[in-house]
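Chemist: To be precise about what I am sending: the file is called target-v8.cif and holds mmCIF, C-alpha atoms, pLDDT in the B column; chains and numbers go by the auth columns.
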data_start
#
loop_
_atom_site.group_PDB
_atom_site.id
_atom_site.type_symbol
_atom_site.label_atom_id
_atom_site.label_comp_id
_atom_site.label_asym_id
_atom_site.label_seq_id
_atom_site.Cartn_x
_atom_site.Cartn_y
_atom_site.Cartn_z
_atom_site.B_iso_or_equiv
_atom_site.auth_seq_id
_atom_site.auth_asym_id
ATOM 1 C CA MET A 1 0.812 -5.303 -17.154 66.00 1 A
ATOM 2 C CA GLN A 2 3.506 -7.951 -17.468 66.00 2 A
ATOM 3 C CA PRO A 3 4.884 -9.380 -14.221 69.00 3 A
ATOM 4 C CA LEU A 4 8.601 -8.879 -13.696 80.00 4 A
ATOM 5 C CA ALA A 5 10.759 -11.934 -14.241 88.00 5 A
ATOM 6 C CA ARG A 6 12.140 -13.697 -11.194 92.00 6 A
ATOM 7 C CA MET A 7 15.730 -12.663 -10.482 96.00 7 A
ATOM 8 C CA THR A 8 18.452 -15.262 -10.490 97.00 8 A
ATOM 9 C CA PRO A 9 20.461 -15.568 -7.268 98.00 9 A
ATOM 10 C CA GLU A 10 23.292 -13.686 -8.992 98.00 10 A
ATOM 11 C CA GLU A 11 20.981 -10.847 -10.092 97.00 11 A
ATOM 12 C CA PHE A 12 19.517 -10.621 -6.575 98.00 12 A
ATOM 13 C CA LYS A 13 22.980 -10.314 -5.021 97.00 13 A
ATOM 14 C CA GLU A 14 24.110 -7.813 -7.672 97.00 14 A
ATOM 15 C CA LEU A 15 21.101 -5.571 -7.141 97.00 15 A
ATOM 16 C CA VAL A 16 21.485 -5.622 -3.337 97.00 16 A
ATOM 17 C CA ARG A 17 25.130 -4.625 -3.608 97.00 17 A
ATOM 18 C CA GLY A 18 24.466 -2.207 -6.463 96.00 18 A
ATOM 19 C CA LYS A 19 22.113 -0.272 -4.192 97.00 19 A
ATOM 20 C CA GLY A 20 24.852 -0.082 -1.544 96.00 20 A
ATOM 21 C CA TRP A 21 23.384 -2.659 0.853 97.00 21 A
ATOM 22 C CA THR A 22 24.977 -5.616 2.612 97.00 22 A
ATOM 23 C CA TYR A 23 23.174 -8.747 3.713 97.00 23 A
ATOM 24 C CA ARG A 24 23.862 -7.693 7.306 97.00 24 A
ATOM 25 C CA ALA A 25 22.133 -4.313 6.848 96.00 25 A
ATOM 26 C CA LEU A 26 19.297 -5.981 4.942 96.00 26 A
ATOM 27 C CA ALA A 27 18.858 -8.460 7.796 97.00 27 A
ATOM 28 C CA VAL A 28 18.442 -5.567 10.224 97.00 28 A
ATOM 29 C CA ARG A 29 15.973 -3.851 7.872 95.00 29 A
ATOM 30 C CA TRP A 30 13.930 -7.047 7.417 96.00 30 A
ATOM 31 C CA ALA A 31 14.225 -8.157 11.088 97.00 31 A
ATOM 32 C CA MET A 32 15.770 -11.534 10.304 97.00 32 A
ATOM 33 C CA SER A 33 19.182 -13.123 10.525 98.00 33 A
ATOM 34 C CA GLU A 34 21.918 -12.517 7.992 98.00 34 A
ATOM 35 C CA THR A 35 21.930 -16.279 7.410 98.00 35 A
ATOM 36 C CA ARG A 36 18.248 -16.174 6.454 98.00 36 A
ATOM 37 C CA VAL A 37 18.828 -13.276 4.041 98.00 37 A
ATOM 38 C CA SER A 38 21.626 -15.274 2.425 98.00 38 A
ATOM 39 C CA GLN A 39 19.352 -18.335 2.138 98.00 39 A
ATOM 40 C CA ILE A 40 16.660 -16.218 0.476 98.00 40 A
ATOM 41 C CA ALA A 41 19.203 -14.726 -1.932 98.00 41 A
ATOM 42 C CA ARG A 42 20.486 -18.167 -2.976 98.00 42 A
ATOM 43 C CA ASP A 43 16.997 -19.627 -3.458 98.00 43 A
ATOM 44 C CA ALA A 44 16.201 -19.536 -7.181 97.00 44 A
ATOM 45 C CA GLU A 45 12.543 -20.268 -6.311 96.00 45 A
ATOM 46 C CA ARG A 46 12.194 -17.592 -3.608 97.00 46 A
ATOM 47 C CA PRO A 47 8.795 -15.906 -3.320 96.00 47 A
ATOM 48 C CA LEU A 48 8.549 -12.995 -5.762 95.00 48 A
ATOM 49 C CA TYR A 49 7.829 -10.514 -2.969 95.00 49 A
ATOM 50 C CA TYR A 50 11.511 -10.709 -1.995 97.00 50 A
ATOM 51 C CA ASP A 51 12.513 -9.684 -5.518 97.00 51 A
ATOM 52 C CA ASP A 52 9.984 -6.848 -5.324 95.00 52 A
ATOM 53 C CA ALA A 53 11.405 -5.745 -1.976 96.00 53 A
ATOM 54 C CA ILE A 54 14.964 -5.668 -3.352 97.00 54 A
ATOM 55 C CA ARG A 55 13.889 -3.677 -6.407 96.00 55 A
ATOM 56 C CA ALA A 56 12.212 -1.125 -4.097 95.00 56 A
ATOM 57 C CA LEU A 57 15.154 -0.702 -1.684 96.00 57 A
ATOM 58 C CA PRO A 58 16.450 2.851 -1.511 96.00 58 A
ATOM 59 C CA GLU A 59 20.017 3.410 -2.640 95.00 59 A
ATOM 60 C CA VAL A 60 22.551 4.051 0.087 91.00 60 A
ATOM 61 C CA GLN A 61 24.812 7.046 -0.559 78.00 61 A
ATOM 62 C CA ARG A 62 28.241 6.165 -1.798 65.00 62 A
ATOM 63 C CA GLY A 63 30.804 6.072 0.991 61.00 63 A
ATOM 64 C CA LYS A 64 28.127 5.475 3.632 56.00 64 A
ATOM 65 C CA SER A 65 27.194 2.159 5.149 56.00 65 A
ATOM 66 C CA ALA A 66 23.621 0.901 4.881 54.00 66 A
ATOM 67 C CA LYS A 67 23.350 0.771 8.644 55.00 67 A
ATOM 68 C CA ASN A 68 23.466 4.591 8.694 57.00 68 A
ATOM 69 C CA MET A 69 20.399 4.549 6.386 55.00 69 A
ATOM 70 C CA LYS A 70 21.116 7.777 4.510 49.00 70 A
ATOM 71 C CA TYR A 71 19.374 7.426 1.183 45.00 71 A
ATOM 72 C CA ILE A 72 19.558 9.043 -2.200 42.00 72 A
ATOM 73 C CA SER A 73 16.174 10.576 -2.975 37.00 73 A
#
Could you rewrite the structure in this file as structure tokens?

Modeler:
Amino acid sequence: MQPLARMTPEEFKELVRGKGWTYRALAVRWAMSETRVSQIARDAERPLYYDDAIRALPEVQRGKSAKNMKYIS
């Protein structure tokens, strides 16, 4: 099995937003500050488990905010 490539900061941000999440909602989900989530996102050398966590995030239904946590199954 080939490991997944590390995401660039731009890819990380795109995937978060593409799944319907904001950094604020992600901060609540991960129990950390929005500032820390932003730092992680901008870090090109972030630990790979953050990339894995973003890839595994559920999608938030269109028109709903992530804080309501209604997911597409």

Chemist: Tell me which protein, DNA and RNA residues are within 8 Å of Leu15 (chain A), counting all atoms listed in the file, leaving out same-chain ones fewer than 3 positions away, and put them as a ChimeraX atom specification.

Modeler: /A:11-12,18-19,54-55

Chemist: Would you export the selected residues with C-alpha atoms as a PDB file, in the frame of the given file, please?

Modeler:
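Listed below is the output, part-v2.pdb:
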ATOM      1  CA  GLU A  11      20.981 -10.847 -10.092  1.00 97.00           C
ATOM      2  CA  PHE A  12      19.517 -10.621  -6.575  1.00 98.00           C
ATOM      3  CA  GLY A  18      24.466  -2.207  -6.463  1.00 96.00           C
ATOM      4  CA  LYS A  19      22.113  -0.272  -4.192  1.00 97.00           C
ATOM      5  CA  ILE A  54      14.964  -5.668  -3.352  1.00 97.00           C
ATOM      6  CA  ARG A  55      13.889  -3.677  -6.407  1.00 96.00           C
TER       7      ARG A  55
END

Chemist: What residues have an atom no more than 9 Å from (20.2, -11.4, -0.2) in the file's own frame, counting only C-alpha atoms, and can you write them as a list in words?

Modeler: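 The requested residues, written out, are Pro9, Phe12, Lys13, Val16, Thr22, Tyr23, Leu26, Ala27, Glu34, Arg36, Val37, Ser38, Gln39, Ile40, Ala41, Arg42, Tyr50 and Ile54 of chain A.
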
Chemist: Please report the interatomic distance between CA of Ala44 (chain A) and CA of Val60 (chain A) in Å with one decimal.

Modeler: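 Rounded to one decimal, the two atoms are 25.5 Å apart.
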
Chemist: Which is closer to Glu59 (chain A) than all the others in A:Ala5, A:Trp21, A:Ser33, A:Glu10, using all atoms listed in the file?

Modeler: A:Trp21

Chemist: Rounded to one decimal, what separation in Å do you get between CA of Ala25 (chain A) and CA of Leu4 (chain A)?

Modeler: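 Spanning CA of Ala25 (chain A) to CA of Leu4 (chain A) is a straight-line distance of 25.0 Å.
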
Chemist: Using only C-alpha atoms, find the one residue out of A:Gln61, A:Ala31, A:Asp51, A:Arg46 that sits nearest to Glu14 (chain A).

Modeler: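 Of A:Gln61, A:Ala31, A:Asp51, A:Arg46, the one nearest Glu14 (chain A) is A:Asp51, counting only C-alpha atoms.
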
Chemist: If you measure from CA of Arg29 (chain A) to CA of Ala56 (chain A), what distance in Å do you get, rounded to one decimal?

Modeler: 12.8 Å

Chemist: Return as AutoDock Vina command-line options the centre and edge lengths, in Å with one decimal, of the box along x, y and z that encloses every atom of region 7-23 of chain A in the file, padded by 6 Å per side.

Modeler:
--center_x 20.4 --center_y -7.8 --center_z -3.4 --size_x 21.4 --size_y 27.5 --size_z 26.2
